[in-house]
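Okay, model.cif now, which holds mmCIF, C-alpha atoms and all ligand atoms:
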```
data_start
#
loop_
_atom_site.group_PDB
_atom_site.id
_atom_site.type_symbol
_atom_site.label_atom_id
_atom_site.label_comp_id
_atom_site.auth_asym_id
_atom_site.auth_seq_id
_atom_site.Cartn_x
_atom_site.Cartn_y
_atom_site.Cartn_z
ATOM 1 C CA MET D 88 71.745 111.932 89.048
ATOM 2 C CA THR D 89 73.019 108.550 90.170
ATOM 3 C CA LYS D 90 73.579 108.228 93.891
ATOM 4 C CA ILE D 91 77.123 107.821 95.181
ATOM 5 C CA GLU D 92 76.229 104.493 96.868
ATOM 6 C CA GLU D 93 75.429 102.806 93.580
ATOM 7 C CA LEU D 94 78.591 103.402 91.617
ATOM 8 C CA LEU D 95 82.310 102.990 92.039
ATOM 9 C CA SER D 96 83.945 106.410 91.943
ATOM 10 C CA VAL D 97 87.318 106.629 90.213
ATOM 11 C CA ALA D 98 89.788 109.462 90.718
ATOM 12 C CA ILE D 99 92.897 110.267 88.708
ATOM 13 C CA SER D 100 95.527 111.818 90.940
ATOM 14 C CA LEU D 101 98.882 113.309 89.994
ATOM 15 C CA ASP D 102 101.911 113.640 92.271
ATOM 16 C CA VAL D 103 103.702 116.629 90.779
ATOM 17 C CA ASP D 104 107.251 116.416 92.081
ATOM 18 C CA PRO D 105 110.859 116.553 90.807
ATOM 19 C CA ASP D 106 112.071 114.177 88.094
ATOM 20 C CA ALA D 107 113.097 110.752 89.385
ATOM 21 C CA ASN D 108 113.122 112.127 92.927
ATOM 22 C CA CYS D 109 114.901 110.266 95.624
ATOM 23 C CA ALA D 110 115.324 110.624 99.382
ATOM 24 C CA VAL D 111 118.937 111.209 100.343
ATOM 25 C CA GLN D 112 120.900 110.173 103.410
ATOM 26 C CA GLY D 113 121.631 113.099 105.691
ATOM 27 C CA ARG D 114 119.090 115.594 104.338
ATOM 28 C CA HIS D 115 115.344 116.088 104.703
ATOM 29 C CA ASP D 116 114.549 117.082 101.108
ATOM 30 C CA ALA D 117 114.681 115.019 97.908
ATOM 31 C CA LEU D 118 116.978 115.295 94.908
ATOM 32 C CA SER D 119 116.565 114.122 91.339
ATOM 33 C CA SER D 120 118.412 110.952 90.397
ATOM 34 C CA PRO D 121 121.289 110.558 89.921
ATOM 35 C CA ILE D 122 121.689 112.221 93.312
ATOM 36 C CA GLU D 123 125.467 112.611 92.838
ATOM 37 C CA TYR D 124 124.695 115.753 90.819
ATOM 38 C CA GLY D 125 123.035 117.285 93.882
ATOM 39 C CA GLU D 126 120.322 118.779 91.677
ATOM 40 C CA ILE D 127 116.592 119.082 91.261
ATOM 41 C CA SER D 128 115.160 118.852 87.772
ATOM 42 C CA VAL D 129 111.557 119.413 86.698
ATOM 43 C CA LYS D 130 112.117 119.179 82.921
ATOM 44 C CA ALA D 131 110.472 115.780 82.550
ATOM 45 C CA CYS D 132 107.813 116.754 85.089
ATOM 46 C CA LYS D 133 106.916 119.776 82.956
ATOM 47 C CA ARG D 134 106.586 117.787 79.726
ATOM 48 C CA GLY D 135 104.666 115.015 81.450
ATOM 49 C CA LEU D 136 102.323 117.410 83.210
ATOM 50 C CA GLN D 137 101.608 119.269 79.967
ATOM 51 C CA GLY D 138 100.840 115.976 78.213
ATOM 52 C CA ILE D 139 98.634 114.661 81.007
ATOM 53 C CA LEU D 140 96.665 117.880 81.424
ATOM 54 C CA GLU D 141 96.050 118.010 77.663
ATOM 55 C CA LEU D 142 94.702 114.462 77.723
ATOM 56 C CA LEU D 143 92.508 115.190 80.738
ATOM 57 C CA ASP D 144 91.010 118.095 78.811
ATOM 58 C CA ILE D 145 90.480 115.962 75.707
ATOM 59 C CA TYR D 146 88.719 113.271 77.769
ATOM 60 C CA ASP D 147 86.908 115.885 79.854
ATOM 61 C CA ILE D 148 88.195 114.522 83.160
ATOM 62 C CA ASP D 149 88.619 116.509 86.383
ATOM 63 C CA ALA D 150 91.543 115.210 88.418
ATOM 64 C CA THR D 151 93.263 115.818 91.755
ATOM 65 C CA VAL D 152 96.735 117.328 91.476
ATOM 66 C CA PHE D 153 99.051 116.990 94.486
ATOM 67 C CA TYR D 154 101.714 119.661 94.044
ATOM 68 C CA GLU D 155 105.034 119.678 95.815
ATOM 69 C CA ALA D 156 105.266 123.430 96.539
ATOM 70 C CA ARG D 157 108.888 123.772 95.380
ATOM 71 C CA THR D 158 108.088 122.039 92.079
ATOM 72 C CA ALA D 159 105.034 124.259 91.524
ATOM 73 C CA ARG D 160 107.244 127.330 91.918
ATOM 74 C CA MET D 161 109.888 125.948 89.550
ATOM 75 C CA LEU D 162 107.299 125.101 86.890
ATOM 76 C CA ILE D 163 105.852 128.593 87.103
ATOM 77 C CA ALA D 164 109.334 130.114 86.868
ATOM 78 C CA ASP D 165 109.773 127.990 83.748
ATOM 79 C CA GLY D 166 106.744 129.598 82.134
ATOM 80 C CA MET D 167 103.873 127.256 83.003
ATOM 81 C CA ASP D 168 100.635 128.978 83.961
ATOM 82 C CA LEU D 169 99.709 126.439 86.620
ATOM 83 C CA PRO D 170 96.618 128.240 87.975
ATOM 84 C CA GLU D 171 95.184 128.407 84.446
ATOM 85 C CA LEU D 172 96.181 124.836 83.579
ATOM 86 C CA SER D 173 94.832 123.490 86.888
ATOM 87 C CA GLY D 174 91.554 125.404 86.624
ATOM 88 C CA ARG D 175 89.231 122.405 86.418
ATOM 89 C CA HIS D 176 91.225 120.203 88.769
ATOM 90 C CA GLU D 177 91.467 119.907 92.525
ATOM 91 C CA VAL D 178 94.735 121.368 93.805
ATOM 92 C CA ALA D 179 96.184 119.475 96.769
ATOM 93 C CA CYS D 180 99.491 119.400 98.623
ATOM 94 C CA HIS D 181 102.451 117.043 98.224
ATOM 95 C CA SER D 182 104.794 118.654 100.801
ATOM 96 C CA LEU D 183 107.282 121.500 100.509
ATOM 97 C CA LYS D 184 110.458 119.844 99.191
ATOM 98 C CA HIS D 185 109.476 116.196 99.212
ATOM 99 C CA GLU D 186 110.588 115.743 102.794
ATOM 100 C CA ASP D 187 111.442 112.323 104.160
ATOM 101 C CA PHE D 188 109.341 113.017 107.266
ATOM 102 C CA LEU D 189 109.971 109.659 108.896
ATOM 103 C CA GLY D 190 113.681 109.685 108.128
ATOM 104 C CA LYS D 191 113.523 106.239 106.582
ATOM 105 C CA VAL D 192 116.245 107.014 104.032
ATOM 106 C CA SER D 193 117.646 110.295 105.331
ATOM 107 C CA GLY D 194 118.291 108.769 108.746
ATOM 108 C CA LEU D 195 116.905 112.039 110.179
ATOM 109 C CA PRO D 196 113.303 111.626 111.358
ATOM 110 C CA MET D 197 111.752 115.104 111.498
ATOM 111 C CA GLU D 198 110.434 116.599 114.737
ATOM 112 C CA GLU D 199 106.798 117.654 114.831
ATOM 113 C CA GLU D 200 107.823 121.312 114.804
ATOM 114 C CA ALA D 201 109.886 120.922 111.624
ATOM 115 C CA ILE D 202 107.090 118.941 109.965
ATOM 116 C CA GLU D 203 104.631 121.674 110.868
ATOM 117 C CA GLU D 204 106.900 124.357 109.468
ATOM 118 C CA ALA D 205 107.358 122.512 106.157
ATOM 119 C CA ILE D 206 103.707 121.618 105.597
ATOM 120 C CA THR D 207 102.408 125.034 106.672
ATOM 121 C CA LYS D 208 104.811 126.715 104.276
ATOM 122 C CA ALA D 209 103.825 124.356 101.458
ATOM 123 C CA LYS D 210 100.121 125.000 102.043
ATOM 124 C CA ASP D 211 100.679 128.778 102.138
ATOM 125 C CA ILE D 212 102.694 128.736 98.909
ATOM 126 C CA LEU D 213 100.066 126.680 97.091
ATOM 127 C CA GLU D 214 97.172 128.758 98.427
ATOM 128 C CA ASN D 215 98.938 131.900 97.229
ATOM 129 C CA ILE D 216 99.694 130.499 93.786
ATOM 130 C CA PHE D 217 96.283 128.972 93.181
ATOM 131 C CA GLU D 218 94.159 131.349 95.268
ATOM 132 C CA ARG D 219 92.022 128.618 96.778
ATOM 133 C CA ASP D 220 91.823 126.422 99.853
ATOM 134 C CA ILE D 221 93.969 123.320 99.889
ATOM 135 C CA LYS D 222 92.116 120.408 101.507
ATOM 136 C CA GLY D 223 94.046 117.284 100.582
ATOM 137 C CA PHE D 224 97.534 116.015 101.322
ATOM 138 C CA ARG D 225 99.668 113.182 100.023
ATOM 139 C CA ALA D 226 102.974 112.546 101.764
ATOM 140 C CA PRO D 227 106.233 112.041 99.879
ATOM 141 C CA TYR D 228 106.880 108.294 99.447
ATOM 142 C CA THR D 229 103.327 107.961 100.863
ATOM 143 C CA ARG D 230 104.876 107.747 104.328
ATOM 144 C CA ILE D 231 102.992 109.252 107.255
ATOM 145 C CA ASN D 232 103.178 108.902 111.013
ATOM 146 C CA ARG D 233 101.399 110.278 114.049
ATOM 147 C CA ALA D 234 103.259 113.610 113.918
ATOM 148 C CA VAL D 235 102.455 114.220 110.227
ATOM 149 C CA VAL D 236 98.785 113.380 110.736
ATOM 150 C CA LYS D 237 98.551 115.591 113.822
ATOM 151 C CA VAL D 238 100.026 118.513 111.874
ATOM 152 C CA LEU D 239 97.650 117.980 108.962
ATOM 153 C CA GLU D 240 94.666 118.029 111.280
ATOM 154 C CA GLN D 241 95.921 121.082 113.180
ATOM 155 C CA ILE D 242 96.546 123.239 110.136
ATOM 156 C CA GLY D 243 93.186 122.487 108.594
ATOM 157 C CA PHE D 244 93.570 119.766 106.017
ATOM 158 C CA GLN D 245 90.374 117.868 105.355
ATOM 159 C CA TYR D 246 91.942 114.627 104.241
ATOM 160 C CA ASP D 247 95.133 112.651 103.727
ATOM 161 C CA SER D 248 95.652 110.341 100.764
ATOM 162 C CA SER D 249 98.877 108.504 101.538
ATOM 163 C CA LYS D 250 97.937 105.082 102.844
ATOM 164 C CA THR D 251 97.518 102.012 100.672
ATOM 165 C CA VAL D 252 94.802 99.528 101.632
ATOM 166 C CA ALA D 253 93.737 96.268 99.984
ATOM 167 C CA VAL D 254 90.369 96.740 98.324
ATOM 168 C CA GLY D 255 87.906 93.873 98.902
ATOM 169 C CA THR D 256 85.497 92.665 101.510
ATOM 170 C CA GLU D 257 87.400 94.324 104.401
ATOM 171 C CA TRP D 258 87.677 97.733 102.799
ATOM 172 C CA ARG D 259 85.408 98.916 100.025
ATOM 173 C CA GLY D 260 87.158 102.120 99.104
ATOM 174 C CA ASN D 261 85.415 104.379 101.623
ATOM 175 C CA PRO D 262 87.045 107.208 103.572
ATOM 176 C CA PHE D 263 87.970 106.357 107.168
ATOM 177 C CA PRO D 264 89.377 108.315 110.120
ATOM 178 C CA LEU D 265 93.059 107.732 110.916
ATOM 179 C CA GLU D 266 92.306 106.207 114.316
ATOM 180 C CA VAL D 267 95.525 104.252 114.042
ATOM 181 C CA PHE D 268 97.238 107.612 114.674
ATOM 182 C CA ASP D 269 94.633 108.715 117.252
ATOM 183 C CA SER D 270 93.237 111.156 114.723
ATOM 184 C CA ASN D 271 89.894 112.002 113.168
ATOM 185 C CA LEU D 272 91.525 113.164 109.956
ATOM 186 C CA LEU D 273 89.926 111.316 107.067
ATOM 187 C CA GLU D 274 91.962 109.035 104.868
ATOM 188 C CA LEU D 275 91.209 108.600 101.179
ATOM 189 C CA ALA D 276 93.422 105.566 100.754
ATOM 190 C CA LEU D 277 95.046 104.274 97.599
ATOM 191 C CA PRO D 278 93.885 100.777 96.662
ATOM 192 C CA SER D 279 96.012 97.698 96.324
ATOM 193 C CA PHE D 280 94.678 94.553 94.678
ATOM 194 C CA HIS D 281 95.652 91.311 92.963
ATOM 195 C CA ASP D 282 96.255 90.956 89.259
ATOM 196 C CA LYS D 283 94.907 88.002 87.263
ATOM 197 C CA ARG D 284 97.884 85.854 88.271
ATOM 198 C CA GLY D 285 97.310 86.656 91.940
ATOM 199 C CA LYS D 286 100.219 89.079 92.258
ATOM 200 C CA ARG D 287 99.651 92.094 94.463
ATOM 201 C CA MET D 288 99.839 95.511 92.832
ATOM 202 C CA SER D 289 99.009 99.124 93.599
ATOM 203 C CA SER D 290 97.209 101.760 91.568
ATOM 204 C CA TYR D 291 100.386 103.759 90.886
ATOM 205 C CA LEU D 292 100.933 103.670 87.148
ATOM 206 C CA TRP D 293 104.738 103.790 87.296
ATOM 207 C CA ALA D 294 104.983 100.024 86.805
ATOM 208 C CA ILE D 295 103.728 100.505 83.225
ATOM 209 C CA PHE D 296 106.520 102.938 82.399
ATOM 210 C CA GLU D 297 109.128 100.698 83.994
ATOM 211 C CA GLY D 298 107.920 97.856 81.762
ATOM 212 C CA ARG D 299 106.511 95.763 84.601
ATOM 213 C CA ARG D 300 102.788 96.101 83.932
ATOM 214 C CA VAL D 301 100.323 96.772 81.133
ATOM 215 C CA SER D 302 97.387 99.177 81.192
ATOM 216 C CA ASP D 303 94.876 96.325 81.180
ATOM 217 C CA ASP D 304 96.109 95.141 84.614
ATOM 218 C CA TYR D 305 94.735 98.411 85.987
ATOM 219 C CA ILE D 306 91.531 98.343 83.977
ATOM 220 C CA ASP D 307 90.860 94.780 85.207
ATOM 221 C CA ALA D 308 91.298 96.034 88.772
ATOM 222 C CA VAL D 309 88.671 98.737 88.253
ATOM 223 C CA LEU D 310 86.283 96.168 86.798
ATOM 224 C CA THR D 311 86.723 94.019 89.905
ATOM 225 C CA ALA D 312 86.421 96.986 92.275
ATOM 226 C CA ARG D 313 83.259 98.055 90.462
ATOM 227 C CA ASP D 314 81.590 94.936 91.864
ATOM 228 C CA VAL D 315 83.106 94.774 95.349
ATOM 229 C CA ALA D 316 83.451 98.486 96.165
ATOM 230 C CA LYS D 317 80.196 100.123 95.105
ATOM 231 C CA GLY D 318 80.056 103.566 96.673
ATOM 232 C CA GLY D 319 83.813 103.509 97.252
ATOM 233 C CA LEU D 320 86.616 105.466 95.643
ATOM 234 C CA PHE D 321 89.359 103.946 93.491
ATOM 235 C CA ILE D 322 92.281 106.353 93.218
ATOM 236 C CA PHE D 323 94.828 106.126 90.410
ATOM 237 C CA SER D 324 98.118 107.888 90.785
ATOM 238 C CA ILE D 325 100.786 108.990 88.338
ATOM 239 C CA HIS D 326 104.017 110.990 88.457
ATOM 240 C CA PRO D 327 104.101 113.232 85.370
ATOM 241 C CA TRP D 328 107.917 112.965 85.067
ATOM 242 C CA HIS D 329 107.686 109.198 84.698
ATOM 243 C CA LEU D 330 106.406 109.521 81.139
ATOM 244 C CA TYR D 331 109.815 110.889 80.103
ATOM 245 C CA VAL D 332 112.469 109.519 82.476
ATOM 246 C CA ASP D 333 112.824 106.293 84.426
ATOM 247 C CA CYS D 334 113.359 105.947 88.184
ATOM 248 C CA GLN D 335 117.121 106.361 87.737
ATOM 249 C CA GLY D 336 116.647 109.589 85.798
ATOM 250 C CA ASN D 337 117.531 108.061 82.410
ATOM 251 C CA PRO D 338 115.497 109.639 79.615
ATOM 252 C CA PHE D 339 113.158 107.319 77.729
ATOM 253 C CA THR D 340 113.529 107.164 73.958
ATOM 254 C CA VAL D 341 111.061 109.213 71.926
ATOM 255 C CA GLU D 342 109.303 105.979 70.987
ATOM 256 C CA GLN D 343 109.061 104.801 74.606
ATOM 257 C CA ALA D 344 107.779 108.186 75.796
ATOM 258 C CA ARG D 345 105.109 108.082 73.094
ATOM 259 C CA LYS D 346 104.101 104.591 74.234
ATOM 260 C CA ASN D 347 103.962 105.748 77.859
ATOM 261 C CA LEU D 348 101.584 108.554 77.008
ATOM 262 C CA GLU D 349 99.499 106.145 74.911
ATOM 263 C CA SER D 350 99.288 103.700 77.822
ATOM 264 C CA PHE D 351 98.001 106.468 80.058
ATOM 265 C CA GLU D 352 95.549 107.608 77.390
ATOM 266 C CA TYR D 353 94.313 104.029 76.974
ATOM 267 C CA ILE D 354 93.357 103.982 80.666
ATOM 268 C CA LEU D 355 91.462 107.275 80.351
ATOM 269 C CA TYR D 356 89.723 105.997 77.223
ATOM 270 C CA GLN D 357 88.677 102.737 78.902
ATOM 271 C CA LEU D 358 87.442 104.528 82.020
ATOM 272 C CA LYS D 359 85.343 106.905 79.956
ATOM 273 C CA GLN D 360 83.685 103.944 78.190
ATOM 274 C CA MET D 361 83.082 101.933 81.347
ATOM 275 C CA GLN D 362 79.586 101.496 82.742
ATOM 276 C CA GLY D 363 78.928 101.519 86.481
ATOM 277 C CA ILE D 364 81.656 103.980 87.450
ATOM 278 C CA GLN D 365 81.896 107.736 87.755
ATOM 279 C CA ILE D 366 85.116 109.691 87.383
ATOM 280 C CA THR D 367 85.509 112.336 90.045
ATOM 281 C CA ARG D 368 87.958 114.556 91.913
ATOM 282 C CA GLN D 369 88.930 113.368 95.383
ATOM 283 C CA ASP D 370 87.503 116.468 97.103
ATOM 284 C CA GLU D 371 84.208 116.130 95.258
ATOM 285 C CA TYR D 372 83.914 112.479 96.194
ATOM 286 C CA LEU D 373 84.580 113.329 99.848
ATOM 287 C CA GLU D 374 82.021 116.110 99.781
ATOM 288 C CA LYS D 375 79.346 113.755 98.454
ATOM 289 C CA TRP D 376 80.327 111.017 100.871
ATOM 290 C CA LEU D 377 80.138 113.349 103.882
ATOM 291 C CA PHE D 378 76.708 114.656 102.926
ATOM 292 C CA LYS D 379 75.115 111.539 101.494
HETATM 293 ZN ZN ZN O 401 106.266 112.352 95.455
#
```
Would you write the structure of this file as structure tokens?
Ligand SMILES: [Zn+2]
Amino acid sequence: MTKIEELLSVAISLDVDPDANCAVQGRHDALSSPIEYGEISVKACKRGLQGILELLDIYDIDATVFYEARTARMLIADGMDLPELSGRHEVACHSLKHEDFLGKVSGLPMEEEAIEEAITKAKDILENIFERDIKGFRAPYTRINRAVVKVLEQIGFQYDSSKTVAVGTEWRGNPFPLEVFDSNLLELALPSFHDKRGKRMSSYLWAIFEGRRVSDDYIDAVLTARDVAKGGLFIFSIHPWHLYVDCQGNPFTVEQARKNLESFEYILYQLKQMQGIQITRQDEYLEKWLFK
């Protein structure tokens, strides 16, 4: 087997949360857009998740699935057998109700006690549903602070995956402790990078579905990272709902939704063909990295 130091590892991660979710002024949890309806929908999330999981099976790829606990419950109530469907994948946590922990939009920064209550409950719900340990966390809106990190460490998470860091000579995709928050919790950061025209971009695939990027921008980034970040981890991220509705909650046409799924499939196809990388779950990468 090839050693971890020699190859770039690539992970596909999913943030499974409500359709077109949005932080709302005056409340901790998120609503689906348009927020005037005061509702949460997971219809697009369900279709997108089904499509993505099917493709991951076809391409024989194990991924990391960050579930918002509320959404996981709603999907199960709607007939999805999530434990069965997630069998080969890592199950990780994406909060309880997509809390705006820092209060950036809600205007209500959460106290450490309230953060602890929400994340503990989310972890318990997911561990009950999936009957396994939950090790990884990604914060809603990828926003963390000292209190969130402290809670994660206290209640036994092994890693956070919320920060975005520029991949290059300074950071080669390796895990690092969150010393910036006085913590030893390990961070598996999301990469940011430059496209061919020098414009900065992240590894979230939403920009494809919003018509701002093409799949090859992301494949080019992996090819570059393959040279500069050997032994590191390059994490992709996707919201399943985004295949079927846009950020405002408007449904895509049938044609557009088909294209969106094809764009995602194209990335999987290219990654499977690529030399010099290995596709892995985030927890498995971390395990290898810790014991290398
Ligand atoms: Zn989210």
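By chain and then residue number, the residues within 7 Å of Leu292 (chain D) are Ser290, Ala294, Ile295, Ser324 and Ile325 of chain D, counting all atoms listed in the file and disregarding those fewer than 2 positions away in sequence.
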Quick one: apply the PyMOL selection byres (((chain D and resi 330) around 7) and not hetatm) to the file and drop the selected residues here as a compact mmCIF listing (two decimals) with C-alpha atoms, in the frame of the given file.
```txt
# COMPACT_ATOMS: atom_id res chain seq x y z
CA GLY D 135 104.67 115.02 81.45
CA PHE D 296 106.52 102.94 82.40
CA PRO D 327 104.10 113.23 85.37
CA TRP D 328 107.92 112.96 85.07
CA HIS D 329 107.69 109.20 84.70
CA TYR D 331 109.82 110.89 80.10
CA VAL D 332 112.47 109.52 82.48
CA ALA D 344 107.78 108.19 75.80
CA ASN D 347 103.96 105.75 77.86
CA LEU D 348 101.58 108.55 77.01
```
Spatial neighbours of region 227-239 of chain D, max dist 8 Å, all atoms listed in the file, sep filter under 5 positions, as a ChimeraX atom specification: /D:181-182,185-189,198-199,202-203,206,244,247,249-250,268-270,272
Selected by the PyMOL selection byres (((chain D and resi 118-122) around 6) and not hetatm) in the shown coordinates: which residues, as a tab-separated table (two decimals) with C-alpha atoms, in the frame of the given file?
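File produced: result.tsv:
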```
chain	number	residue	atom	x	y	z
D	106	ASP	CA	112.07	114.18	88.09
D	107	ALA	CA	113.10	110.75	89.38
D	108	ASN	CA	113.12	112.13	92.93
D	109	CYS	CA	114.90	110.27	95.62
D	117	ALA	CA	114.68	115.02	97.91
D	123	GLU	CA	125.47	112.61	92.84
D	124	TYR	CA	124.70	115.75	90.82
D	125	GLY	CA	123.04	117.28	93.88
D	126	GLU	CA	120.32	118.78	91.68
D	127	ILE	CA	116.59	119.08	91.26
D	335	GLN	CA	117.12	106.36	87.74
D	336	GLY	CA	116.65	109.59	85.80
```
Residues near Leu310 (chain D), cut-off 10 Å, only C-alpha atoms, skip fewer than 5 positions along chain, as a PyMOL selection string: chain D and resi 95+305+315+358+361-364
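Residue nearest Ala159 (chain D) within the list D:Val252, D:Met197, D:Leu172, D:Leu213: D:Leu213 [criterion: smallest interatomic distance, all atoms listed in the file].
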Result set, the PyMOL selection byres (((chain D and resi 275) around 7) and not hetatm) on current file, as a ChimeraX atom specification: /D:246-248,262,273-274,276-277
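For the set D:Gly113, D:Gly318, D:Val309, D:Leu373, the residue with the smallest atom-to-atom gap to Gln245 (chain D) is D:Leu373, counting all atoms listed in the file.
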Which polymer residues have any atom within 10 Å of an atom of Thr311 (chain D), counting all atoms listed in the file, with same-chain residues fewer than 5 positions away left out, as a compact mmCIF listing (two decimals) with C-alpha atoms, keeping the file's coordinate frame?
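The resulting file, part_25.txt, is reproduced below:
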```txt
# COMPACT_ATOMS: atom_id res chain seq x y z
CA VAL D 254 90.37 96.74 98.32
CA GLY D 255 87.91 93.87 98.90
CA PHE D 280 94.68 94.55 94.68
CA HIS D 281 95.65 91.31 92.96
CA TYR D 305 94.74 98.41 85.99
CA ILE D 306 91.53 98.34 83.98
CA ALA D 316 83.45 98.49 96.16
```
Contacts of Val103 (chain D) at 7 Å (all atoms listed in the file; same-chain gap of 3+ positions) as a PyMOL selection string: chain D and resi 153-155+326-327
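Distances to ligand ZN 401 (chain O) were evaluated for D:Gln343, D:Thr367, D:Thr207, D:Ser100 using only C-alpha atoms and all ligand atoms, and the minimum falls at D:Ser100.
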Taking all listed atoms of region 177-187 of chain D, build the axis-aligned box, pad each of the six sides by 8 Å, then write its centre and edge lengths in Å to one decimal as JSON.
```
{"center_x": 101.5, "center_y": 116.9, "center_z": 98.3, "size_x": 36.0, "size_y": 25.2, "size_z": 27.6}
```
File for region 236-252 of chain D (N, CA, C and O atoms), as a CSV table (one decimal), in the first residue's frame:
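Output contents, as saved in result.csv:
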```csv
chain,number,residue,atom,x,y,z
D,236,VAL,N,-15.2,25.5,20.1
D,236,VAL,CA,-14.1,24.6,20.0
D,236,VAL,C,-13.9,23.9,21.4
D,236,VAL,O,-13.7,22.7,21.5
D,237,LYS,N,-14.1,24.7,22.5
D,237,LYS,CA,-14.0,24.1,23.8
D,237,LYS,C,-15.0,23.0,24.1
D,237,LYS,O,-14.7,22.0,24.6
D,238,VAL,N,-16.2,23.3,23.6
D,238,VAL,CA,-17.3,22.3,23.8
D,238,VAL,C,-17.0,21.1,23.0
D,238,VAL,O,-17.2,20.0,23.5
D,239,LEU,N,-16.5,21.2,21.8
D,239,LEU,CA,-16.2,20.1,20.9
D,239,LEU,C,-15.2,19.2,21.6
D,239,LEU,O,-15.3,17.9,21.7
D,240,GLU,N,-14.2,19.8,22.2
D,240,GLU,CA,-13.1,19.1,22.8
D,240,GLU,C,-13.7,18.4,24.1
D,240,GLU,O,-13.4,17.2,24.3
D,241,GLN,N,-14.5,19.1,24.8
D,241,GLN,CA,-15.0,18.6,26.1
D,241,GLN,C,-15.9,17.3,25.9
D,241,GLN,O,-15.9,16.4,26.7
D,242,ILE,N,-16.7,17.4,24.8
D,242,ILE,CA,-17.7,16.3,24.7
D,242,ILE,C,-17.2,15.2,23.8
D,242,ILE,O,-17.9,14.3,23.4
D,243,GLY,N,-15.9,15.3,23.5
D,243,GLY,CA,-15.2,14.1,22.9
D,243,GLY,C,-15.1,14.0,21.4
D,243,GLY,O,-15.0,13.0,20.8
D,244,PHE,N,-15.3,15.2,20.7
D,244,PHE,CA,-15.0,15.1,19.3
D,244,PHE,C,-13.5,15.0,19.0
D,244,PHE,O,-12.7,15.5,19.8
D,245,GLN,N,-13.2,14.3,17.9
D,245,GLN,CA,-11.8,14.1,17.6
D,245,GLN,C,-11.3,15.3,16.7
D,245,GLN,O,-10.1,15.6,16.7
D,246,TYR,N,-12.2,15.8,15.9
D,246,TYR,CA,-11.7,16.9,15.0
D,246,TYR,C,-12.9,17.8,14.6
D,246,TYR,O,-14.0,17.5,14.6
D,247,ASP,N,-12.5,19.0,14.2
D,247,ASP,CA,-13.4,20.0,13.6
D,247,ASP,C,-13.0,20.1,12.1
D,247,ASP,O,-11.8,19.9,11.8
D,248,SER,N,-13.9,20.5,11.3
D,248,SER,CA,-13.6,20.7,9.9
D,248,SER,C,-14.4,21.9,9.4
D,248,SER,O,-15.2,21.8,8.4
D,249,SER,N,-14.1,23.0,10.0
D,249,SER,CA,-14.9,24.3,9.7
D,249,SER,C,-14.0,25.4,9.1
D,249,SER,O,-14.6,26.2,8.3
D,250,LYS,N,-12.8,25.4,9.4
D,250,LYS,CA,-11.9,26.5,8.9
D,250,LYS,C,-11.5,26.3,7.5
D,250,LYS,O,-11.4,25.2,7.0
D,251,THR,N,-11.3,27.4,6.8
D,251,THR,CA,-10.8,27.4,5.4
D,251,THR,C,-9.4,28.0,5.5
D,251,THR,O,-9.2,29.1,6.0
D,252,VAL,N,-8.4,27.3,4.9
D,252,VAL,CA,-7.0,27.8,4.9
D,252,VAL,C,-6.5,27.7,3.4
D,252,VAL,O,-6.9,26.7,2.7
```
